[in-house]
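Coordinates as given in final.pdb (PDB, C-alpha atoms and all ligand atoms):
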```pdb
ATOM      1  CA  MET A   1       3.549-106.541  61.601
ATOM      2  CA  LYS A   2       5.989-108.135  59.118
ATOM      3  CA  LYS A   3       6.206-111.896  58.784
ATOM      4  CA  ILE A   4       9.672-113.476  58.770
ATOM      5  CA  ALA A   5      10.438-117.097  57.926
ATOM      6  CA  VAL A   6      13.212-118.427  60.171
ATOM      7  CA  ILE A   7      14.936-121.468  58.693
ATOM      8  CA  PHE A   8      16.901-123.553  61.196
ATOM      9  CA  ASN A   9      19.809-125.202  59.488
ATOM     10  CA  GLY A  10      22.208-126.416  62.170
ATOM     11  CA  GLY A  11      25.581-124.985  63.206
ATOM     12  CA  THR A  12      26.942-124.173  66.662
ATOM     13  CA  ILE A  13      23.810-122.093  67.353
ATOM     14  CA  SER A  14      21.975-125.430  67.679
ATOM     15  CA  MET A  15      24.706-127.268  69.613
ATOM     16  CA  LYS A  16      25.539-128.096  73.199
ATOM     17  CA  VAL A  17      28.338-130.076  74.803
ATOM     18  CA  ASP A  18      27.635-133.787  75.043
ATOM     19  CA  GLU A  19      28.932-134.896  78.452
ATOM     20  CA  ARG A  20      30.069-138.295  77.160
ATOM     21  CA  ILE A  21      32.297-137.015  74.366
ATOM     22  CA  LYS A  22      33.044-133.622  75.954
ATOM     23  CA  ALA A  23      32.489-131.765  72.695
ATOM     24  CA  ALA A  24      29.621-129.871  71.065
ATOM     25  CA  ILE A  25      27.138-131.658  68.801
ATOM     26  CA  PRO A  26      23.756-130.630  67.308
ATOM     27  CA  SER A  27      21.161-130.838  70.100
ATOM     28  CA  LEU A  28      18.702-127.913  70.179
ATOM     29  CA  THR A  29      15.526-127.747  68.120
ATOM     30  CA  GLY A  30      14.472-124.585  66.325
ATOM     31  CA  GLU A  31      11.708-124.095  68.901
ATOM     32  CA  GLU A  32      14.220-124.313  71.770
ATOM     33  CA  ILE A  33      16.489-121.706  70.155
ATOM     34  CA  MET A  34      13.558-119.436  69.263
ATOM     35  CA  ALA A  35      12.296-119.569  72.870
ATOM     36  CA  MET A  36      15.561-117.898  73.969
ATOM     37  CA  VAL A  37      14.864-114.858  71.771
ATOM     38  CA  ALA A  38      12.584-113.294  74.381
ATOM     39  CA  GLY A  39      10.195-110.553  73.250
ATOM     40  CA  ILE A  40      10.690-111.058  69.504
ATOM     41  CA  GLU A  41       6.901-111.396  69.064
ATOM     42  CA  ASN A  42       6.730-107.604  69.592
ATOM     43  CA  TYR A  43       8.823-107.080  66.462
ATOM     44  CA  ALA A  44       7.798-109.712  63.921
ATOM     45  CA  GLU A  45       5.502-112.622  63.277
ATOM     46  CA  ILE A  46       7.741-115.687  63.010
ATOM     47  CA  GLU A  47       7.133-118.764  60.900
ATOM     48  CA  SER A  48       9.770-121.417  61.727
ATOM     49  CA  TYR A  49      11.133-124.194  59.532
ATOM     50  CA  THR A  50      13.754-126.844  60.188
ATOM     51  CA  PHE A  51      15.828-127.475  57.083
ATOM     52  CA  SER A  52      18.632-129.451  58.778
ATOM     53  CA  SER A  53      20.616-129.791  61.985
ATOM     54  CA  MET A  54      23.906-130.018  60.113
ATOM     55  CA  PRO A  55      27.348-128.907  61.228
ATOM     56  CA  SER A  56      28.486-126.775  58.313
ATOM     57  CA  PRO A  57      31.557-128.892  57.418
ATOM     58  CA  HIS A  58      28.921-131.484  56.378
ATOM     59  CA  MET A  59      27.354-129.114  53.818
ATOM     60  CA  THR A  60      27.438-130.155  50.160
ATOM     61  CA  PHE A  61      26.620-128.184  47.015
ATOM     62  CA  LYS A  62      23.609-130.465  46.542
ATOM     63  CA  THR A  63      22.271-129.413  49.965
ATOM     64  CA  ILE A  64      23.062-125.749  49.320
ATOM     65  CA  LEU A  65      21.141-125.925  46.033
ATOM     66  CA  GLU A  66      18.186-127.518  47.872
ATOM     67  CA  LEU A  67      18.362-124.725  50.448
ATOM     68  CA  SER A  68      18.415-122.134  47.663
ATOM     69  CA  ASN A  69      15.251-123.659  46.135
ATOM     70  CA  PHE A  70      13.611-123.835  49.576
ATOM     71  CA  VAL A  71      14.351-120.139  50.225
ATOM     72  CA  ARG A  72      13.185-119.148  46.732
ATOM     73  CA  ASP A  73       9.803-120.796  47.338
ATOM     74  CA  LEU A  74       9.440-118.841  50.578
ATOM     75  CA  VAL A  75      10.413-115.444  49.116
ATOM     76  CA  ASN A  76       7.902-116.010  46.328
ATOM     77  CA  ARG A  77       5.123-116.091  48.928
ATOM     78  CA  SER A  78       3.466-112.678  49.152
ATOM     79  CA  ASP A  79       2.857-112.986  52.925
ATOM     80  CA  ILE A  80       6.572-113.494  53.747
ATOM     81  CA  ASP A  81       8.549-110.247  54.103
ATOM     82  CA  GLY A  82      11.997-111.628  54.799
ATOM     83  CA  ILE A  83      14.064-114.703  55.598
ATOM     84  CA  VAL A  84      16.504-115.543  58.394
ATOM     85  CA  ILE A  85      18.634-118.680  58.086
ATOM     86  CA  THR A  86      20.887-120.267  60.711
ATOM     87  CA  HIS A  87      24.078-121.910  59.508
ATOM     88  CA  GLY A  88      27.313-123.305  60.914
ATOM     89  CA  THR A  89      29.952-120.630  60.697
ATOM     90  CA  ASP A  90      32.703-122.691  59.039
ATOM     91  CA  THR A  91      31.213-122.713  55.527
ATOM     92  CA  LEU A  92      28.600-120.003  56.047
ATOM     93  CA  GLU A  93      30.263-117.599  53.617
ATOM     94  CA  GLU A  94      30.032-120.150  50.805
ATOM     95  CA  THR A  95      26.327-120.828  51.328
ATOM     96  CA  ALA A  96      25.609-117.102  51.732
ATOM     97  CA  TYR A  97      27.399-116.305  48.457
ATOM     98  CA  PHE A  98      25.685-119.201  46.649
ATOM     99  CA  LEU A  99      22.256-117.933  47.776
ATOM    100  CA  ASP A 100      23.194-114.378  46.798
ATOM    101  CA  LEU A 101      24.134-115.555  43.303
ATOM    102  CA  THR A 102      21.075-117.757  42.782
ATOM    103  CA  ILE A 103      18.087-116.016  44.398
ATOM    104  CA  ASP A 104      16.642-113.030  42.593
ATOM    105  CA  THR A 105      14.617-111.104  45.169
ATOM    106  CA  SER A 106      14.601-107.725  46.830
ATOM    107  CA  LYS A 107      13.303-109.255  50.088
ATOM    108  CA  PRO A 108      15.928-109.375  52.841
ATOM    109  CA  ILE A 109      17.680-112.714  53.346
ATOM    110  CA  VAL A 110      19.844-112.757  56.474
ATOM    111  CA  ILE A 111      22.182-115.572  57.526
ATOM    112  CA  THR A 112      23.392-115.982  61.073
ATOM    113  CA  GLY A 113      24.702-118.515  63.576
ATOM    114  CA  ALA A 114      26.777-118.587  66.735
ATOM    115  CA  MET A 115      30.446-118.719  67.620
ATOM    116  CA  ARG A 116      29.739-120.196  71.075
ATOM    117  CA  SER A 117      27.519-123.186  71.727
ATOM    118  CA  SER A 118      24.627-123.036  74.191
ATOM    119  CA  SER A 119      26.843-124.811  76.777
ATOM    120  CA  GLU A 120      29.318-121.920  76.855
ATOM    121  CA  LEU A 121      28.962-118.777  78.923
ATOM    122  CA  GLY A 122      28.134-115.905  76.588
ATOM    123  CA  TYR A 123      26.246-118.054  74.034
ATOM    124  CA  ASP A 124      25.723-115.584  71.186
ATOM    125  CA  GLY A 125      22.968-117.476  69.320
ATOM    126  CA  PRO A 126      19.871-115.671  70.666
ATOM    127  CA  PHE A 127      21.426-112.207  70.181
ATOM    128  CA  ASN A 128      22.484-113.003  66.616
ATOM    129  CA  LEU A 129      19.047-114.403  65.830
ATOM    130  CA  ALA A 130      17.295-111.361  67.331
ATOM    131  CA  THR A 131      19.465-108.876  65.404
ATOM    132  CA  SER A 132      18.997-110.889  62.212
ATOM    133  CA  ILE A 133      15.220-110.703  62.585
ATOM    134  CA  CYS A 134      15.503-106.937  63.205
ATOM    135  CA  THR A 135      17.531-106.742  59.975
ATOM    136  CA  ALA A 136      14.999-108.805  58.019
ATOM    137  CA  ILE A 137      12.095-106.516  59.021
ATOM    138  CA  ALA A 138      13.936-103.267  58.257
ATOM    139  CA  ASP A 139      12.760-101.429  55.117
ATOM    140  CA  ASP A 140      16.365-100.334  54.615
ATOM    141  CA  SER A 141      17.463-103.961  54.169
ATOM    142  CA  ILE A 142      15.324-104.362  51.048
ATOM    143  CA  GLY A 143      17.294-104.847  47.823
ATOM    144  CA  ARG A 144      20.672-105.403  49.480
ATOM    145  CA  GLY A 145      21.117-109.062  48.552
ATOM    146  CA  VAL A 146      22.000-111.696  51.129
ATOM    147  CA  LEU A 147      23.331-110.280  54.403
ATOM    148  CA  VAL A 148      25.396-111.956  57.133
ATOM    149  CA  CYS A 149      24.606-110.809  60.671
ATOM    150  CA  PHE A 150      26.912-111.504  63.636
ATOM    151  CA  ASN A 151      27.837-109.509  66.716
ATOM    152  CA  GLY A 152      25.559-106.632  65.659
ATOM    153  CA  GLU A 153      27.484-106.188  62.393
ATOM    154  CA  LEU A 154      26.088-106.583  58.887
ATOM    155  CA  ASN A 155      28.250-107.784  56.027
ATOM    156  CA  SER A 156      27.276-108.449  52.451
ATOM    157  CA  ALA A 157      27.416-112.098  51.327
ATOM    158  CA  SER A 158      29.425-111.024  48.296
ATOM    159  CA  GLU A 159      32.172-109.535  50.482
ATOM    160  CA  VAL A 160      32.212-111.356  53.816
ATOM    161  CA  THR A 161      34.621-114.037  55.015
ATOM    162  CA  LYS A 162      35.187-115.864  58.295
ATOM    163  CA  ALA A 163      38.333-114.181  59.571
ATOM    164  CA  ASN A 164      38.626-115.577  63.079
ATOM    165  CA  SER A 165      38.083-119.133  64.315
ATOM    166  CA  MET A 166      36.713-118.110  67.734
ATOM    167  CA  ALA A 167      35.855-114.399  68.101
ATOM    168  CA  LEU A 168      32.231-113.237  68.242
ATOM    169  CA  ASN A 169      32.986-110.812  65.381
ATOM    170  CA  ALA A 170      34.453-113.602  63.253
ATOM    171  CA  PHE A 171      32.738-112.368  60.076
ATOM    172  CA  ARG A 172      34.558-109.492  58.405
ATOM    173  CA  THR A 173      34.725-107.739  55.076
ATOM    174  CA  PRO A 174      38.364-107.424  54.003
ATOM    175  CA  ASN A 175      39.323-104.112  52.358
ATOM    176  CA  PHE A 176      36.109-102.265  53.235
ATOM    177  CA  GLY A 177      34.582-103.285  56.604
ATOM    178  CA  PRO A 178      30.918-104.021  57.406
ATOM    179  CA  ILE A 179      28.126-102.414  55.394
ATOM    180  CA  GLY A 180      26.048-101.680  58.469
ATOM    181  CA  ILE A 181      25.261-102.354  62.102
ATOM    182  CA  VAL A 182      22.286-103.215  64.295
ATOM    183  CA  ASP A 183      22.163-100.747  67.156
ATOM    184  CA  ASN A 184      19.385-101.018  69.743
ATOM    185  CA  ASN A 185      17.308-103.185  67.368
ATOM    186  CA  LYS A 186      17.661-100.527  64.649
ATOM    187  CA  VAL A 187      19.476-101.218  61.419
ATOM    188  CA  ILE A 188      21.889 -98.619  60.031
ATOM    189  CA  PHE A 189      23.629 -99.034  56.664
ATOM    190  CA  TYR A 190      26.770 -97.059  55.860
ATOM    191  CA  ARG A 191      27.294 -97.979  52.228
ATOM    192  CA  ASN A 192      25.822 -99.878  49.282
ATOM    193  CA  THR A 193      27.194-102.938  47.517
ATOM    194  CA  ILE A 194      26.886-104.079  43.916
ATOM    195  CA  ASN A 195      23.995-106.465  43.271
ATOM    196  CA  PRO A 196      25.599-109.411  41.408
ATOM    197  CA  SER A 197      23.966-110.917  38.305
ATOM    198  CA  LYS A 198      22.101-114.146  39.101
ATOM    199  CA  TYR A 199      22.686-117.694  37.932
ATOM    200  CA  LYS A 200      19.898-120.065  36.947
ATOM    201  CA  ILE A 201      20.899-123.546  37.970
ATOM    202  CA  ASP A 202      19.047-126.828  38.476
ATOM    203  CA  LYS A 203      21.857-129.323  38.994
ATOM    204  CA  ILE A 204      25.539-129.422  39.822
ATOM    205  CA  GLU A 205      27.531-131.956  37.862
ATOM    206  CA  LYS A 206      31.018-130.478  37.561
ATOM    207  CA  ASP A 207      33.225-129.752  40.552
ATOM    208  CA  VAL A 208      35.834-127.001  40.901
ATOM    209  CA  ALA A 209      39.198-127.570  42.606
ATOM    210  CA  LEU A 210      40.889-125.064  44.889
ATOM    211  CA  ILE A 211      44.677-124.895  45.307
ATOM    212  CA  LYS A 212      46.626-122.656  47.618
ATOM    213  CA  CYS A 213      49.991-121.547  46.263
ATOM    214  CA  ALA A 214      53.157-121.714  48.372
ATOM    215  CA  VAL A 215      56.852-121.275  47.775
ATOM    216  CA  ASP A 216      58.464-123.775  45.367
ATOM    217  CA  MET A 217      55.206-125.530  44.408
ATOM    218  CA  ASP A 218      54.997-127.271  41.064
ATOM    219  CA  SER A 219      52.258-128.513  38.706
ATOM    220  CA  THR A 220      51.616-131.907  40.392
ATOM    221  CA  PHE A 221      48.224-130.955  41.888
ATOM    222  CA  ILE A 222      47.123-129.143  38.730
ATOM    223  CA  ASP A 223      47.958-132.195  36.600
ATOM    224  CA  PHE A 224      45.987-134.406  39.008
ATOM    225  CA  ILE A 225      42.988-132.065  38.764
ATOM    226  CA  ILE A 226      43.074-132.110  34.945
ATOM    227  CA  GLU A 227      43.342-135.910  34.966
ATOM    228  CA  ARG A 228      40.382-136.218  37.375
ATOM    229  CA  GLY A 229      38.102-134.237  35.029
ATOM    230  CA  TYR A 230      37.353-131.231  37.210
ATOM    231  CA  GLY A 231      35.358-128.492  35.490
ATOM    232  CA  GLY A 232      37.535-125.635  36.729
ATOM    233  CA  ILE A 233      40.415-124.588  38.980
ATOM    234  CA  VAL A 234      40.790-121.731  41.424
ATOM    235  CA  ILE A 235      44.341-120.891  42.462
ATOM    236  CA  GLU A 236      45.017-118.783  45.527
ATOM    237  CA  ALA A 237      48.169-117.300  44.077
ATOM    238  CA  LEU A 238      50.918-115.286  45.743
ATOM    239  CA  GLY A 239      50.516-111.554  46.393
ATOM    240  CA  ARG A 240      49.183-109.653  43.336
ATOM    241  CA  GLY A 241      48.474-112.929  41.505
ATOM    242  CA  ASN A 242      51.798-114.642  40.783
ATOM    243  CA  VAL A 243      52.805-118.314  40.939
ATOM    244  CA  PRO A 244      56.137-120.154  41.215
ATOM    245  CA  PRO A 245      57.550-120.838  37.689
ATOM    246  CA  LYS A 246      57.038-124.610  38.054
ATOM    247  CA  MET A 247      53.247-124.114  38.195
ATOM    248  CA  VAL A 248      53.091-122.355  34.826
ATOM    249  CA  SER A 249      53.201-125.514  32.669
ATOM    250  CA  GLY A 250      50.251-127.019  34.622
ATOM    251  CA  ILE A 251      48.204-123.839  34.235
ATOM    252  CA  LYS A 252      48.950-123.847  30.497
ATOM    253  CA  ARG A 253      47.861-127.512  30.226
ATOM    254  CA  ALA A 254      44.581-126.745  32.053
ATOM    255  CA  ILE A 255      43.772-123.825  29.760
ATOM    256  CA  ASP A 256      44.690-125.862  26.674
ATOM    257  CA  SER A 257      42.200-128.492  27.940
ATOM    258  CA  ASN A 258      39.534-125.751  28.096
ATOM    259  CA  ILE A 259      39.468-125.784  31.924
ATOM    260  CA  PRO A 260      38.960-122.248  33.269
ATOM    261  CA  VAL A 261      41.627-121.155  35.769
ATOM    262  CA  ILE A 262      40.712-118.357  38.179
ATOM    263  CA  ILE A 263      43.564-116.570  39.929
ATOM    264  CA  VAL A 264      42.902-114.897  43.295
ATOM    265  CA  SER A 265      45.342-113.943  46.036
ATOM    266  CA  ARG A 266      46.220-115.870  49.172
ATOM    267  CA  CYS A 267      46.534-112.440  50.845
ATOM    268  CA  PHE A 268      43.611-111.510  53.113
ATOM    269  CA  GLU A 269      43.214-108.085  51.527
ATOM    270  CA  GLY A 270      43.870-106.419  48.175
ATOM    271  CA  ARG A 271      43.078-107.468  44.607
ATOM    272  CA  VAL A 272      44.944-109.380  41.927
ATOM    273  CA  HIS A 273      46.373-107.625  38.866
ATOM    274  CA  GLU A 274      48.781-108.199  35.974
ATOM    275  CA  SER A 275      51.522-106.194  37.692
ATOM    276  CA  TYR A 276      54.464-108.539  37.069
ATOM    277  CA  GLY A 277      55.949-109.693  33.791
ATOM    278  CA  TYR A 278      58.497-112.289  35.008
ATOM    279  CA  GLU A 279      58.066-116.089  34.674
ATOM    280  CA  GLY A 280      54.908-116.978  36.656
ATOM    281  CA  GLY A 281      53.958-113.308  37.102
ATOM    282  CA  GLY A 282      50.348-112.158  36.688
ATOM    283  CA  LYS A 283      50.965-110.673  33.219
ATOM    284  CA  MET A 284      52.325-113.960  31.908
ATOM    285  CA  LEU A 285      49.364-115.861  33.418
ATOM    286  CA  LEU A 286      46.896-113.417  31.899
ATOM    287  CA  ASP A 287      48.525-113.875  28.481
ATOM    288  CA  LEU A 288      48.112-117.640  28.917
ATOM    289  CA  GLY A 289      44.365-117.124  29.411
ATOM    290  CA  ILE A 290      43.753-117.187  33.182
ATOM    291  CA  ILE A 291      40.889-115.131  34.627
ATOM    292  CA  PHE A 292      41.515-112.798  37.563
ATOM    293  CA  GLY A 293      39.092-113.046  40.513
ATOM    294  CA  ASP A 294      39.528-109.491  41.857
ATOM    295  CA  THR A 295      39.271-109.459  45.693
ATOM    296  CA  LEU A 296      37.469-112.787  46.170
ATOM    297  CA  PRO A 297      38.948-115.339  48.579
ATOM    298  CA  GLY A 298      39.547-118.753  46.974
ATOM    299  CA  GLN A 299      36.566-120.499  48.552
ATOM    300  CA  LYS A 300      34.154-117.885  47.188
ATOM    301  CA  ALA A 301      35.759-117.721  43.750
ATOM    302  CA  ARG A 302      35.199-121.496  43.719
ATOM    303  CA  VAL A 303      31.449-121.022  44.370
ATOM    304  CA  LYS A 304      31.179-118.483  41.550
ATOM    305  CA  LEU A 305      33.145-120.625  39.100
ATOM    306  CA  LEU A 306      31.101-123.698  40.041
ATOM    307  CA  LEU A 307      27.868-121.809  39.286
ATOM    308  CA  SER A 308      29.334-120.432  36.043
ATOM    309  CA  ILE A 309      30.389-123.853  34.778
ATOM    310  CA  ASN A 310      27.243-125.683  35.849
ATOM    311  CA  SER A 311      24.983-123.095  34.255
ATOM    312  CA  GLY A 312      26.771-123.771  30.978
ATOM    313  CA  LEU A 313      28.683-120.505  30.482
ATOM    314  CA  SER A 314      31.469-120.372  27.877
ATOM    315  CA  MET A 315      35.036-119.327  28.756
ATOM    316  CA  GLU A 316      34.294-115.807  27.429
ATOM    317  CA  GLN A 317      31.122-115.520  29.496
ATOM    318  CA  ILE A 318      32.949-116.770  32.606
ATOM    319  CA  LYS A 319      35.580-114.092  32.048
ATOM    320  CA  LYS A 320      32.834-111.448  31.895
ATOM    321  CA  GLN A 321      31.289-112.725  35.153
ATOM    322  CA  PHE A 322      34.593-112.357  36.993
ATOM    323  CA  GLU A 323      35.496-109.012  35.458
TER
HETATM  324  N1  LIG A 401      31.927-126.053  63.285
HETATM  325  C1  LIG A 401      30.696-125.305  63.413
HETATM  326  C2  LIG A 401      29.925-125.372  62.104
HETATM  327  O1  LIG A 401      30.348-124.739  61.159
HETATM  328  C3  LIG A 401      31.042-123.909  63.762
HETATM  329  C4  LIG A 401      29.886-122.997  63.971
HETATM  330  O2  LIG A 401      28.743-123.224  63.631
HETATM  331  O3  LIG A 401      30.178-121.916  64.515
HETATM  332  O4  LIG A 401      28.905-126.004  62.048
END
```
Hey, can you dump this file as structure tokens for me?
Amino acid sequence: MKKIAVIFNGGTISMKVDERIKAAIPSLTGEEIMAMVAGIENYAEIESYTFSSMPSPHMTFKTILELSNFVRDLVNRSDIDGIVITHGTDTLEETAYFLDLTIDTSKPIVITGAMRSSSELGYDGPFNLATSICTAIADDSIGRGVLVCFNGELNSASEVTKANSMALNAFRTPNFGPIGIVDNNKVIFYRNTINPSKYKIDKIEKDVALIKCAVDMDSTFIDFIIERGYGGIVIEALGRGNVPPKMVSGIKRAIDSNIPVIIVSRCFEGRVHESYGYEGGGKMLLDLGIIFGDTLPGQKARVKLLLSINSGLSMEQIKKQFE
């Protein structure tokens, strides 16, 4: 029987409603959650760890890096066949992507959580945990990078985003859809994903700012970011990767200060491209020296740029990573 390490790390899966404040807070221990996954001992040997009981808006890059090191130590153990991690859903995609970009292993790493707390009818925590363990023991999950498992659907950490603030199938892959499903405890994959190159990182010193573009915006925020000494900027631009003309001077100043600027789209689907040649259009930005972030949402482009900068990559190398 395969041995799976289950790392409890907070989120709604570990919460219940506190009667005094009438809102959900972290309350359940890993053992209490695990006890609700009845019959799992027939599928896998479980070794449980408690990493934190954090709501995911409290996550920091320092904590995510610690989690990455913690997981790496476990995957390096020959008796552990796979890892399941619980996480709050709000920033889950960022942690999942960070782990995918920093842990070099073919062993399955599956991240899950819950959209409903244990006080709500239809609490989805035990089901998500059970299906995640089924995913971690499946031979077919080997070599697929970090996977996100919710509602019986499997998405790749490199593609997934939280697309709904309340639905049980909140985690979706824009453009392509899930890479697989868990049906009757059996894992079925429908397609492969690209295994991203890994970053070696031991500390995070430089932060990356994220700006969302909107009509008639100017360079005020960009100038502030340059002044504050951020290591990089991600801009969720309009449509195919265009910005209002008044943002161009700020972008130029950032690039002249050797601050990498990644352009992604604020659209939920589609990729960015140098389609437009007018003032602020993608072609003009590319000529200024921005780097396109393909289909990544801003929050994930930020994770990738943060890892690129803090592992000491040059502007040229960063460009290669994003291309
Ligand atoms: N706000 C919660 C968190 O991210 C949501 C959840 O876990 O579903 O911790």
**Q.** Residue nearest ligand LIG 401 (chain A) among A:Asn164, A:Asn242, A:Ser197, A:Thr50 (counting all atoms listed in the file)
**A.**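 Among the listed residues, the smallest separation from ligand LIG 401 (chain A) belongs to A:Asn164.
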Q.
Using the chain letters and numbers from this file, what does the PyMOL selection byres (((not hetatm)) within 10 of (chain A and resi 401)) select? Give the answer as number ranges by chain.
A. A: 9-15, 24-26, 53-59, 86-92, 112-117, 125, 165-166, 168, 170
Q: Quote the spacing between atom CA of Val261 of chain A and atom CA of Thr102 of chain A in Å to one decimal place.
A: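 Straight-line distance from atom CA of Val261 of chain A to atom CA of Thr102 of chain A works out to 22.0 Å.
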Q) Phe221 of chain A: which residues within 10 Å, counting all atoms listed in the file, same-chain residues fewer than 6 positions away excluded, as a VMD selection string? A) chain A and resid 209 to 211 227 247 250
(Q) If we count all atoms listed in the file and set the cut-off at 12 Å, which residues sit around Gln299 of chain A, ignoring sequence neighbours fewer than 5 positions away in its own chain? Please answer as a ChimeraX atom specification. (A) /A:90-98,158-162,208-212,233-236,262-266,293,304-306
(Q) Can you measure atom CA of Ile291 of chain A to atom CA of Ser314 of chain A for me? One decimal in Å is fine. (A)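 Atom CA of Ile291 of chain A sits 12.7 Å away from atom CA of Ser314 of chain A.
A straight line drawn from atom CA of Leu101 of chain A to atom CA of Val6 of chain A is 20.3 Å long.
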(Q) Taking only C-alpha atoms into account, name the residue in A:Thr63, A:Asn310, A:Ser106, A:Ser249 that is nearest to Lys200 of chain A. (A) A:Asn310
